[in-house]
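Raw contents of my_file_8.txt, compact mmCIF, C-alpha atoms:
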# COMPACT_ATOMS: atom_id res chain seq x y z
CA MET A 29 6.16 -39.26 31.70
CA SER A 30 2.41 -38.75 31.71
CA LEU A 31 3.02 -35.80 34.06
CA PHE A 32 3.40 -33.61 30.97
CA LEU A 33 0.15 -34.67 29.34
CA PRO A 34 -3.29 -33.45 30.47
CA LYS A 35 -5.41 -36.02 32.31
CA LEU A 36 -9.16 -36.36 31.94
CA THR A 37 -10.97 -37.95 34.87
CA THR A 38 -14.69 -37.39 34.36
CA LYS A 39 -17.15 -38.17 31.59
CA LYS A 40 -17.90 -34.45 31.28
CA ASP A 41 -14.19 -33.63 30.82
CA ILE A 42 -13.87 -36.28 28.11
CA ASP A 43 -17.08 -35.17 26.37
CA ASP A 44 -15.96 -31.53 26.44
CA VAL A 45 -12.61 -32.39 24.83
CA ILE A 46 -14.15 -34.63 22.16
CA LYS A 47 -16.77 -32.02 21.23
CA GLY A 48 -14.70 -28.89 21.87
CA VAL A 49 -11.40 -29.47 20.08
CA ALA A 50 -11.78 -28.27 16.49
CA GLU A 51 -9.63 -29.01 13.44
CA LYS A 52 -7.25 -31.25 15.42
CA VAL A 53 -7.01 -34.96 16.07
CA VAL A 54 -7.96 -35.74 19.67
CA VAL A 55 -5.80 -38.57 21.00
CA LEU A 56 -7.19 -40.36 24.06
CA ARG A 57 -4.82 -42.82 25.74
CA PHE A 58 -6.70 -45.24 28.00
CA GLY A 59 -4.56 -47.03 30.56
CA ARG A 60 -3.03 -46.87 34.03
CA ASP A 61 -0.17 -44.67 35.18
CA GLU A 62 1.63 -47.53 36.91
CA ASP A 63 1.54 -49.94 33.94
CA SER A 64 4.94 -50.32 32.24
CA VAL A 65 3.55 -50.44 28.67
CA CYS A 66 1.40 -47.36 29.39
CA LEU A 67 4.50 -45.56 30.65
CA GLN A 68 6.35 -46.52 27.47
CA LEU A 69 3.49 -45.14 25.35
CA ASP A 70 3.22 -42.02 27.52
CA GLU A 71 6.88 -41.28 26.87
CA ILE A 72 6.30 -41.42 23.11
CA LEU A 73 3.15 -39.29 23.40
CA SER A 74 4.78 -36.64 25.58
CA LYS A 75 7.90 -36.43 23.40
CA THR A 76 5.81 -35.91 20.25
CA ALA A 77 3.08 -33.67 21.72
CA HIS A 78 4.91 -30.43 20.92
CA ASP A 79 5.83 -31.48 17.37
CA LEU A 80 2.23 -32.47 16.66
CA SER A 81 0.58 -29.55 18.45
CA ASN A 82 -0.78 -28.10 15.17
CA MET A 83 -2.44 -31.41 14.27
CA ALA A 84 -3.27 -33.14 17.56
CA SER A 85 -4.24 -32.72 21.21
CA ILE A 86 -3.20 -35.63 23.42
CA TYR A 87 -4.91 -36.66 26.66
CA ILE A 88 -4.45 -39.39 29.26
CA ILE A 89 -7.44 -41.27 30.70
CA ASP A 90 -7.29 -43.73 33.60
CA VAL A 91 -9.43 -46.76 32.72
CA ASP A 92 -10.57 -47.07 36.34
CA LYS A 93 -11.89 -43.48 36.46
CA ALA A 94 -13.73 -43.39 33.11
CA LEU A 95 -15.63 -46.65 33.27
CA ILE A 96 -18.38 -45.57 30.87
CA TYR A 97 -15.86 -44.92 28.09
CA THR A 98 -13.83 -47.99 29.03
CA ARG A 99 -16.93 -50.11 28.46
CA TYR A 100 -18.09 -48.16 25.40
CA PHE A 101 -14.79 -48.65 23.55
CA ASP A 102 -14.38 -52.20 24.93
CA ILE A 103 -11.00 -51.41 26.47
CA SER A 104 -9.91 -54.96 27.34
CA TYR A 105 -6.19 -54.40 26.89
CA ILE A 106 -4.18 -51.40 28.01
CA PRO A 107 -2.93 -49.12 26.77
CA SER A 108 -5.55 -48.45 24.12
CA THR A 109 -5.50 -45.26 22.07
CA VAL A 110 -8.66 -43.82 20.48
CA PHE A 111 -8.79 -40.96 17.94
CA PHE A 112 -11.41 -38.26 17.24
CA PHE A 113 -11.64 -35.34 14.82
CA ASN A 114 -14.24 -32.58 15.17
CA GLY A 115 -16.31 -34.78 17.50
CA GLN A 116 -16.25 -37.80 15.16
CA HIS A 117 -14.62 -41.09 16.09
CA MET A 118 -11.83 -41.76 13.60
CA LYS A 119 -11.22 -45.38 12.70
CA VAL A 120 -7.92 -46.75 11.43
CA ASP A 121 -7.35 -49.95 9.45
CA TYR A 122 -4.33 -51.51 11.14
CA GLY A 123 -4.79 -54.81 9.32
CA SER A 124 -6.54 -56.21 12.40
CA PRO A 125 -10.24 -56.90 13.05
CA ASP A 126 -10.62 -53.89 15.37
CA HIS A 127 -10.46 -50.49 13.64
CA THR A 128 -11.75 -48.49 16.63
CA LYS A 129 -8.55 -48.26 18.69
CA PHE A 130 -4.80 -48.89 18.70
CA VAL A 131 -3.89 -51.44 21.35
CA GLY A 132 -0.41 -51.40 22.89
CA SER A 133 2.47 -48.98 22.54
CA PHE A 134 3.88 -47.57 19.34
CA LYS A 135 7.35 -48.94 18.59
CA THR A 136 8.78 -45.54 17.62
CA LYS A 137 7.92 -41.86 17.85
CA GLN A 138 7.92 -41.76 14.05
CA ASP A 139 5.20 -44.44 13.87
CA PHE A 140 2.97 -42.28 16.07
CA LYS A 141 3.75 -39.09 14.12
CA ASP A 142 3.02 -40.81 10.80
CA LEU A 143 -0.29 -42.16 12.11
CA ILE A 144 -1.43 -38.75 13.38
CA GLU A 145 -0.53 -37.15 10.06
CA VAL A 146 -2.52 -39.76 8.10
CA ILE A 147 -5.53 -39.40 10.42
CA TYR A 148 -5.35 -35.60 10.23
CA ARG A 149 -5.06 -35.49 6.43
CA GLY A 150 -7.81 -38.07 6.00
CA ALA A 151 -10.14 -36.25 8.39
CA MET A 152 -9.53 -32.93 6.61
CA ARG A 153 -10.74 -34.65 3.42
CA GLY A 154 -13.86 -35.97 5.16
CA LYS A 155 -12.75 -39.57 5.64
CA MET A 156 -13.93 -41.44 8.74
CA ILE A 157 -11.55 -44.38 8.31
CA VAL A 158 -7.94 -44.31 7.12
CA ARG A 159 -5.31 -46.96 6.43
CA SER A 160 -2.47 -47.14 8.93
CA PRO A 161 0.96 -46.10 7.64
CA ILE A 162 2.67 -48.18 10.34
CA ASP A 163 4.64 -51.22 9.23
CA PRO A 164 2.49 -54.26 10.15
CA ARG A 165 5.49 -55.75 11.98
CA ASN A 166 5.31 -52.77 14.39
CA ILE A 167 1.64 -53.28 15.24
CA PRO A 168 1.05 -55.37 18.38
CA LYS A 169 -1.01 -58.51 17.78
CA TYR A 170 -3.79 -59.53 20.14
CA ASP A 171 -6.96 -61.61 20.18
CA LEU A 172 -10.32 -59.88 20.39
CA LEU A 173 -12.20 -60.49 23.61
CA PHE A 174 -15.96 -60.25 23.66
CA HIS A 175 -17.45 -59.68 27.09
CA GLY A 176 -20.93 -60.88 28.01
CA ILE A 177 -21.45 -63.24 25.07

Taking this structure as input, can you express it in the form of structure tokens?
Amino acid sequence: MSLFLPKLTTKKDIDDVIKGVAEKVVVLRFGRDEDSVCLQLDEILSKTAHDLSNMASIYIIDVDKALIYTRYFDISYIPSTVFFFNGQHMKVDYGSPDHTKFVGSFKTKQDFKDLIEVIYRGAMRGKMIVRSPIDPRNIPKYDLLFHGI
């Protein structure tokens, strides 16, 4: 399904999107095309991309091709989804210790749409962190891994 979503492969491409997309949420999905959970997430992202086109721009990033960002965001589990607005990293309180990224796939298209709407509305009001509207039962649980400690 990720055939329908634009792919970013270089640091410059990613930087240009983060800095260049104005007044929209930039959604960066880090993962691998052949991973089954990434494919599940890609299907949700591609099916909602048109509906959310006024609020969000969605991109796919291969973790093996963007190593600098993979390390920077501590992408230990895939897929991981990171959000930006007007060049600023948007954080979301999912009720977990990590507010920098969403790990795993969304359970439904509506969960993803609701999250983008909350991020968009919060960002338009100047907020840098928003509370997730997703039911906590629909948020994947994982343990934080700290590399190099």

Quiz item: Hey, which of A:Leu80, A:Ile106, A:Ile96, A:Val158 ends up closest to Leu67 of chain A? Count only C-alpha atoms.
Solution: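 When distances to Leu67 of chain A are compared using only C-alpha atoms, the smallest one comes from A:Ile106.
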
Exercise. Considering only C-alpha atoms, return as a ChimeraX atom specification whatever protein or nucleic-acid residues lie within 8 Å of segment 38-47 of chain A, sequence-local ones (same chain, fewer than 5 positions apart) excluded.
Key: /A:54,93-94,96-97,112-116

Quiz item: How far is it from atom CA of Leu56 of chain A to atom CA of Leu33 of chain A, in Å with one decimal?
Solution: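 Calculated distance between atom CA of Leu56 of chain A and atom CA of Leu33 of chain A is 10.7 Å.
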
Using 10 Å as the limit and counting only C-alpha atoms, can you tabulate each residue of segment 98-122 of chain A that touches segment 133-142 of chain A, with its shortest atom-to-atom distance in Å and the two atoms involved, as a Markdown table?
| residue | atom | partner | partner_atom | distance |
| --- | --- | --- | --- | --- |
| A:Ile106 | CA | A:Ser133 | CA | 8.9 |
| A:Pro107 | CA | A:Ser133 | CA | 6.9 |
| A:Ser108 | CA | A:Ser133 | CA | 8.2 |
| A:Thr109 | CA | A:Ser133 | CA | 8.8 |

Self-check item: Atom-to-atom span, atom CA of Asp90 of chain A and atom CA of Ala77 of chain A, Å
Solution: 18.7 Å

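Taking atom CA of Leu143 of chain A and atom CA of Ile88 of chain A as the two end points, the separation is 17.9 Å.
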